[in-house]
Structure formats: C-alpha cells, structure tokens
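Single-structure report; data block below.
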Amino acid sequence: MVNYPQSDLLKSLPKQFFASLTAKVGKKLQQGYDVINLGQGNPDMPTPEHIVKSLQSAADNPQNHKYPPFQGFPYLKKAAADFYKREFNVELDPETEIAILFGGKAGLVEIPQCLLNPGDSVLVPDPGYPDYWSGVALAKAKMVTMSLREENNFLPVYSELSADQLNAAKLMFLNYPNNPTGAVANKDFFQETVDLSRSNGICIVHDFAYGGIGFDGIKPESFLQAEGAKEVGIEIYTLSKTFNMAGWRVGFAAGNASVITALNLMQDHLYVSLFGAVQEAAAAALSGPQDCVKELNSIYESRRNTFISGLREIGWNVQAPKGSFFAWLKVPEPFTSEEFADYLLDKAHIAVAPGIGFGDFGEGYVRAGLLTSEDRLKEAVGRIKKLNLF
C-alpha cells in the first residue's frame with residue numbers, strides 16, 4: 001500500500017486534545033472499570049418523541065429522497081426566524097438573514113474561511129471551544145486570545161486589547177452561555193460588543209449553542225437582542241443541546257445578510273444542504289411545543305444543584321454554572337489541570353476534561369459535564385470524597 005503524505009494544510013490543523021482523553025477513558029473501560037464519564041459534551045437523553053416521529057414520517061416521503069434545495073427548504077428558514085421572534089423578540093428575514101448549517105460546528109469552522117484572508121487577525125476567547133481554532137487554521141489566519149477570568153465573570157475585558165490588536169482584528173468569536181466555564185452574558189455586555197464592532201470594523205460571531213440552557217430563572221440572552229447586533233454580526237444556533245439532537249447535525253446562522261450570503265456560497269461548493277427529513281424534523285422542533293425544552297432545562301438545573309452542593313459539602317470550593325451543562329471546577333494544589341484529570345481517572349474512575357485543552361487560561365480548572373443521572377453525580381462526589389483532597 002502506498003502511504004501518501006498529508007498536505008501542509010492538514011498538518012497545520014490544531015491537535016485534537018480531547019482524543020487523548022477519549023483514549024484514556026476507553027482504556028479504563030476495556031480494563032473493566034466503571035468510569036463515570038463527565039468529560040464529554042454529548043447530551044445523554046433522547047430526542048423528544050414528537051421530533052423523532054416527524055423524522056419518521058418525513059423519511060417516508062419520496063420528495064425527501066431527492067436532493068434538497070442548495071440552501072435549505074424555505075419552511076426551515078421560516079421556522080428558525082419564527083423561533084427567534086417568539087423566544088427573543090428578534091426580527092429576521094428568513095431568506096436573507098438565515099443560513100441552514102450541518103450543525104453549529106460546521107458554521108463556526110466555515111466562517112473564518114468565508115471572511116478572512118491569510119494573515120488576518122481573529123479575536124478568540126481563552127478558554128474557549130477548541131474548534132474555533134480549526135476554522136482559523138483552515139483560513140490561515142492569526143489568533144489573538146481574549147482571556148476569560150473568574151474575577152471578570154469569565155467575560156473578556158475589551159480595554160485589555162491594544163489599539164493595534166483592535167485595528168487588525170476582522171473577526172471575533174464569543175460564546176454565552178459559555179463552554180467551558182458555564183458563564184453567561186447580559187445585554188449590556190452584548191451592547192458594548194456591538195459598539196466595539198462598529199468602532200473597529202470587527203464581525204462578531206456569537207456561538208449560542210447553549211441558548212436553551214439557563215438557570216435560576218434567568219433565560220440566556222441572545223446577542224441579536226442588542227441594538228444594532230444584526231448589522232455587525234451573526235449568531236449560530238444549534239439544535240443539538242436545546243432539543244437533544246446532537247447526532248442529527250442541524251443548526252442555523254442568523255444575522256448580518258452579507259455574512260449569511262457568504263456562508264451560503266461556501267456551502268454551495270461543499271454540499272447540497274441536509275436530508276429533507278432532517279429539515280422537517282428540525283422545523284418541528286423549532287415550531288412545535290417547547291415543554292420538552294423546559295423539562296430538559298429543569299433536569300440540568302437539578303443535576304447542577306446536586307453536583308455542586310455535593311462538592312461543596314466535601315470541602316471543594318466550586319462555583320455553580322449559570323448556564324450550559326458544564327461545571328468549571330478549580331483544581332486543588334499542587335496539580336495541573338491535566339494531572340488532576342488523570343488522577344481522578346486513575347484513582348476514582350471519573351473522567352473530566354482538563355482546562356488546558358481549552359486554552360492557556362483554562363489551566364487550573366477542569367470541566368465536568370452534567371450529562372449523567374443525579375445518582376451517578378452523587379456517586380462521583382462520593383468517590384472524590386474518598387480521595388481526601390479537601
């Protein structure tokens with residue numbers, strides 16, 4: 001067999017840090033250990049029944065066995081626009097301000113390639129979702145990190161960016177509720193972001209993957225609710241978390257029409273939209289009853305309360321996330337984040353994600369997903385207690 005060398009572009013992509021975590025967990029499982037896996041970001045509950053039934057019915061329709069329209073069916077774009085009007089009171093033109101995506105990740109990776117030239121500068125949160133880095137690398141652009149620190153509620157402080165950095169930046173990624181910290185942002189912060197964009201010509205891309213998951217009676221804010229936000233950027237919404245549809249690979253971008261046009265053009269060259277039955281099911285999710293979303297949010301909040309209170313009871317001083325289904329936990333001294341993650345896996349058979357995998361400012365933390373039952377979360381607390389670390 002001939003071994004063909006990989007392209008320089010492929011070699012330039014960031015290493016998949018979490019592949020090593022998956023391998024470590026897999027090894028423990030093969031050895032017969034009962035691993036409580038809190039290191040993943042994969043929803044553990046099924047897609048609501050009415051959405052599944054919509055897919056089943058749509059799959060029987062021969063019209064859905066053909067190629068769908070290049071940029072998605074108009075009914076799904078209308079459902080997305082109606083969803084934003086109903087949930088966030090944001091007006092969107094379905095044809096010019098909505099782009100259908102193969103999941104949120106696809107849009108996040110595509111957008112730098114749509115708007116940037118080699119050497120252009122991108123502002124990226126640190127810690128942050130590692131796939132932002134992938135899109136920047138594919139565009140051969142340059143990252144400038146914005147530190148997210150606990151004393152600033154894990155929001156970037158724009159005054160820390162130099163005038164040169166702001167002048168050079170063409171794109172900024174934000175993500176609230178935040179992965180990995182669980183922090184949230186309010187309209188005042190988003191308004192400050194809009195003003196910064198206008199002053200410096202920076203396109204804002206807000207990753208709203210966890211827009212359906214907020215706690216303590218506070219609904220997450222959409223970036224597009226800020227005045228003028230639609231003029232300076234877009235928001236990317238995925239159905240993966242809100243509706244437990246991670247494996248379905250469907251989402252959409254909403255906002256600035258020129259960016260939507262660029263995304264659609266990129267996708268025209270890559271593929272012919274999503275399977276029609278998935279589009280019908282996505283429209284059913286967005287337009288149908290939202291009781292399932294409220295129920296899911298309540299489950300995550302209950303899990304959060306159980307897990308965080310349990311950790312505090314054993315002496316671990318941790319903060320409760322305000323949104324998302326992640327907890328961002330300070331690592332006890334003298335461990336690094338990766339050392340502590342390995343220690344928990346080896347000694348307690350609990351998997352968490354080391355903070356360093358999300359950027360330099362993730363060091364000193366681990367991320368735990370609330371993606372298992374309360375009984376298993378209680379068991380995880382019990383196993384940690386036996387380590388006598390706190």
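Here, A, B, ... name the chains of the structure tokens in the order displayed, residue numbers run from 1 inside each chain, and ligands are numbered from 1 in the same displayed order.
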Would you give me, as CSV, each residue of segment 227-290 of chain A having an atom within 9 Å of an atom of segment 206-215 of chain A, along with its shortest atom pair and that distance in Å to one decimal, using only C-alpha atoms and sorting by chain and residue number?
residue,atom,partner,partner_atom,distance
A:Gly233,CA,A:His206,CA,7.9
A:Ile234,CA,A:His206,CA,6.3
A:Glu235,CA,A:His206,CA,4.6
A:Ile236,CA,A:Asp207,CA,5.1
A:Tyr237,CA,A:Phe208,CA,5.2
A:Thr238,CA,A:Ala209,CA,5.4
A:Leu239,CA,A:Ala209,CA,7.8
A:Ser240,CA,A:Ala209,CA,7.7
A:Lys241,CA,A:Tyr210,CA,6.3
A:Thr242,CA,A:Gly212,CA,5.0
A:Phe243,CA,A:Gly212,CA,8.6
### Task
Write out as number ranges by chain which residues come within 7 Å of segment 190-201 of chain A when counting only C-alpha atoms, dropping same-chain ones fewer than 6 positions away.
A: 166-167, 170, 223, 226-229, 232
For N, CA, C and O atoms, I'd like the residues from the last selection saved as a PDB file, in the first residue's frame.
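Result went into selection-v8.pdb, see below:
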ATOM      1  N   LEU A 166      -7.055  45.717  18.071  1.00  0.00           N
ATOM      2  CA  LEU A 166      -8.424  46.011  17.646  1.00  0.00           C
ATOM      3  C   LEU A 166      -8.468  46.461  16.186  1.00  0.00           C
ATOM      4  O   LEU A 166      -9.372  46.070  15.436  1.00  0.00           O
ATOM      5  N   ASN A 167      -7.507  47.246  15.782  1.00  0.00           N
ATOM      6  CA  ASN A 167      -7.471  47.717  14.393  1.00  0.00           C
ATOM      7  C   ASN A 167      -7.238  46.566  13.423  1.00  0.00           C
ATOM      8  O   ASN A 167      -7.762  46.562  12.299  1.00  0.00           O
ATOM      9  N   LYS A 170     -10.449  41.319  12.352  1.00  0.00           N
ATOM     10  CA  LYS A 170     -11.567  41.326  11.407  1.00  0.00           C
ATOM     11  C   LYS A 170     -12.744  40.474  11.894  1.00  0.00           C
ATOM     12  O   LYS A 170     -13.857  40.598  11.373  1.00  0.00           O
ATOM     13  N   PHE A 223     -27.307  37.417  21.545  1.00  0.00           N
ATOM     14  CA  PHE A 223     -26.524  38.573  21.075  1.00  0.00           C
ATOM     15  C   PHE A 223     -27.366  39.472  20.180  1.00  0.00           C
ATOM     16  O   PHE A 223     -27.251  40.706  20.229  1.00  0.00           O
ATOM     17  N   ALA A 226     -29.275  42.763  21.301  1.00  0.00           N
ATOM     18  CA  ALA A 226     -28.632  44.071  21.466  1.00  0.00           C
ATOM     19  C   ALA A 226     -28.929  44.944  20.250  1.00  0.00           C
ATOM     20  O   ALA A 226     -28.987  44.459  19.113  1.00  0.00           O
ATOM     21  N   GLU A 227     -29.103  46.226  20.484  1.00  0.00           N
ATOM     22  CA  GLU A 227     -29.421  47.154  19.392  1.00  0.00           C
ATOM     23  C   GLU A 227     -28.290  47.201  18.375  1.00  0.00           C
ATOM     24  O   GLU A 227     -27.133  47.436  18.715  1.00  0.00           O
ATOM     25  N   GLY A 228     -28.631  46.949  17.119  1.00  0.00           N
ATOM     26  CA  GLY A 228     -27.636  47.007  16.049  1.00  0.00           C
ATOM     27  C   GLY A 228     -26.822  45.736  15.876  1.00  0.00           C
ATOM     28  O   GLY A 228     -25.964  45.675  14.989  1.00  0.00           O
ATOM     29  N   ALA A 229     -27.094  44.699  16.679  1.00  0.00           N
ATOM     30  CA  ALA A 229     -26.278  43.487  16.602  1.00  0.00           C
ATOM     31  C   ALA A 229     -26.379  42.823  15.235  1.00  0.00           C
ATOM     32  O   ALA A 229     -25.380  42.332  14.693  1.00  0.00           O
ATOM     33  N   VAL A 232     -23.890  44.013  12.646  1.00  0.00           N
ATOM     34  CA  VAL A 232     -22.434  43.843  12.789  1.00  0.00           C
ATOM     35  C   VAL A 232     -22.001  42.396  12.968  1.00  0.00           C
ATOM     36  O   VAL A 232     -20.801  42.122  13.087  1.00  0.00           O
TER      37      VAL A 232
END
### Query
Within 8 Å of Lys330 of chain A, counting only C-alpha atoms, which residues qualify if same-chain residues fewer than 5 places away don't, as a count of residues only?
5
Tell me, as an mmCIF file with C-alpha atoms, in the first residue's frame, which residues lie within 12 Å of Gly355 of chain A, counting only C-alpha atoms; anything in the same chain fewer than 4 positions away does not count.
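See around-v9.cif below for the written result:
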data_model
loop_
_atom_site.group_PDB
_atom_site.id
_atom_site.type_symbol
_atom_site.label_atom_id
_atom_site.label_comp_id
_atom_site.auth_asym_id
_atom_site.auth_seq_id
_atom_site.Cartn_x
_atom_site.Cartn_y
_atom_site.Cartn_z
ATOM 1 C CA PHE A 17 -6.512 17.440 22.523
ATOM 2 C CA PHE A 18 -9.555 15.517 23.673
ATOM 3 C CA GLY A 39 -15.540 14.668 30.281
ATOM 4 C CA ASP A 126 -9.397 31.781 26.135
ATOM 5 C CA PRO A 127 -10.587 29.376 27.461
ATOM 6 C CA GLY A 128 -12.898 28.550 24.605
ATOM 7 C CA TYR A 129 -14.299 25.904 22.299
ATOM 8 C CA PRO A 130 -11.268 24.402 20.500
ATOM 9 C CA ASN A 179 -18.261 26.382 27.134
ATOM 10 C CA PRO A 180 -16.300 25.527 29.253
ATOM 11 C CA THR A 181 -16.958 27.980 32.124
ATOM 12 C CA ALA A 327 -19.334 22.909 35.610
ATOM 13 C CA TRP A 328 -15.934 24.666 35.682
ATOM 14 C CA LEU A 329 -14.066 23.451 38.739
ATOM 15 C CA LYS A 330 -10.870 24.836 40.280
ATOM 16 C CA VAL A 331 -8.111 22.267 40.552
ATOM 17 C CA PHE A 335 -1.994 19.581 40.467
ATOM 18 C CA THR A 336 -2.048 20.943 36.940
ATOM 19 C CA SER A 337 -5.365 20.506 35.150
ATOM 20 C CA GLU A 338 -4.123 17.517 33.176
ATOM 21 C CA GLU A 339 -2.509 15.917 36.228
ATOM 22 C CA PHE A 340 -5.720 16.281 38.195
ATOM 23 C CA ALA A 341 -7.842 14.858 35.381
ATOM 24 C CA GLY A 359 -6.554 27.410 26.125
ATOM 25 C CA ASP A 360 -3.822 28.756 28.390
ATOM 26 C CA PHE A 361 -6.309 30.453 30.729
ATOM 27 C CA GLY A 362 -8.053 27.131 31.204
ATOM 28 C CA GLU A 363 -5.122 25.940 33.273
ATOM 29 C CA GLY A 364 -6.079 25.476 36.907
ATOM 30 C CA TYR A 365 -9.565 24.146 36.099
ATOM 31 C CA VAL A 366 -11.302 21.017 34.893
ATOM 32 C CA ARG A 367 -14.623 20.853 33.068
ATOM 33 C CA ALA A 368 -17.283 18.409 34.244
#
### Message
For Pro74 of chain A, find every residue with an atom within 12 Å (counting only C-alpha atoms), except residues of its own chain fewer than 3 positions away, and show them as a ChimeraX atom specification.
### Response
/A:68-71,77-81,93-96,98-100,273,276,279-280,283
Residues of the last selection are to be written out with N, CA and C atoms, as a compact mmCIF listing (two decimals), in the first residue's frame.
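Written output follows (result-v3.txt):
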# COMPACT_ATOMS: atom_id res chain seq x y z
N PRO A 68 -32.18 18.05 -1.79
CA PRO A 68 -32.92 19.22 -1.31
C PRO A 68 -32.39 20.49 -1.98
N PRO A 69 -33.09 21.61 -1.84
CA PRO A 69 -32.56 22.87 -2.37
C PRO A 69 -31.18 23.17 -1.78
N PHE A 70 -30.33 23.79 -2.55
CA PHE A 70 -28.95 24.04 -2.13
C PHE A 70 -28.88 24.72 -0.76
N GLN A 71 -29.71 25.70 -0.53
CA GLN A 71 -29.60 26.48 0.70
C GLN A 71 -30.69 26.16 1.71
N LYS A 77 -36.11 27.68 7.20
CA LYS A 77 -35.62 29.04 7.46
C LYS A 77 -36.71 29.90 8.12
N LYS A 78 -37.94 29.71 7.66
CA LYS A 78 -39.04 30.44 8.30
C LYS A 78 -39.23 29.98 9.75
N ALA A 79 -39.12 28.68 9.99
CA ALA A 79 -39.25 28.17 11.36
C ALA A 79 -38.18 28.76 12.26
N ALA A 80 -36.96 28.90 11.73
CA ALA A 80 -35.86 29.48 12.52
C ALA A 80 -36.14 30.95 12.83
N ALA A 81 -36.62 31.68 11.83
CA ALA A 81 -36.94 33.10 12.04
C ALA A 81 -38.08 33.26 13.04
N ASP A 93 -35.23 38.12 8.52
CA ASP A 93 -35.75 37.78 7.20
C ASP A 93 -35.31 36.35 6.89
N PRO A 94 -36.24 35.41 6.72
CA PRO A 94 -35.85 34.02 6.53
C PRO A 94 -34.95 33.79 5.33
N GLU A 95 -35.13 34.57 4.27
CA GLU A 95 -34.39 34.32 3.04
C GLU A 95 -33.00 34.95 3.04
N THR A 96 -32.85 36.09 3.71
CA THR A 96 -31.56 36.80 3.63
C THR A 96 -30.77 36.80 4.93
N ILE A 98 -30.97 34.08 7.38
CA ILE A 98 -30.88 32.74 7.96
C ILE A 98 -30.12 31.85 6.98
N ALA A 99 -29.12 31.11 7.50
CA ALA A 99 -28.43 30.08 6.71
C ALA A 99 -28.52 28.76 7.46
N ILE A 100 -28.97 27.72 6.76
CA ILE A 100 -29.06 26.39 7.36
C ILE A 100 -27.66 25.76 7.39
N SER A 273 -27.11 20.93 0.97
CA SER A 273 -28.00 21.03 2.12
C SER A 273 -28.20 19.69 2.84
N GLY A 276 -33.84 16.09 3.55
CA GLY A 276 -35.10 16.78 3.75
C GLY A 276 -35.84 16.35 5.00
N GLN A 279 -34.57 18.17 7.90
CA GLN A 279 -35.06 19.55 7.89
C GLN A 279 -36.49 19.63 8.41
N GLU A 280 -37.34 18.67 8.01
CA GLU A 280 -38.71 18.67 8.52
C GLU A 280 -38.73 18.48 10.04
N ALA A 283 -37.67 21.67 11.77
CA ALA A 283 -38.76 22.65 11.78
C ALA A 283 -39.79 22.28 12.84
### Query
Rounded to one decimal in Å, what is the spacing between atom CA of Thr22 of chain A and atom CA of Asp346 of chain A?
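That distance, rounded to one decimal, is 13.9 Å.
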### Message
Env of Tyr84 of chain A: 10 Å cut, atoms = only C-alpha atoms, seq-sep filter 6 positions within chain, self excluded. Answer as a PyMOL selection string.
### Response
chain A and resi 78+90-92+222+224-225+254+286
### Message
For a quick check of understanding, using only C-alpha atoms, which of A:Leu155, A:Met245, A:Ala185, A:Ala169 has the smallest distance to Leu116 of chain A?
### Response
A:Ala169
#### Entry: alpha helix (DSSP H) residues, from DSSP on the backbone, in segment 120-345 of chain A, as number ranges by chain
A: 131-138, 163-168, 187-200, 229-232, 239-242, 257-270, 276-287, 291-313, 337-343
### Query
Taking only C-alpha atoms into account, which of A:Asp375, A:Asp131, A:Asp44, A:Asp268 comes nearest Leu101 of chain A?
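Of the candidates, the smallest distance to Leu101 of chain A is held by A:Asp268.
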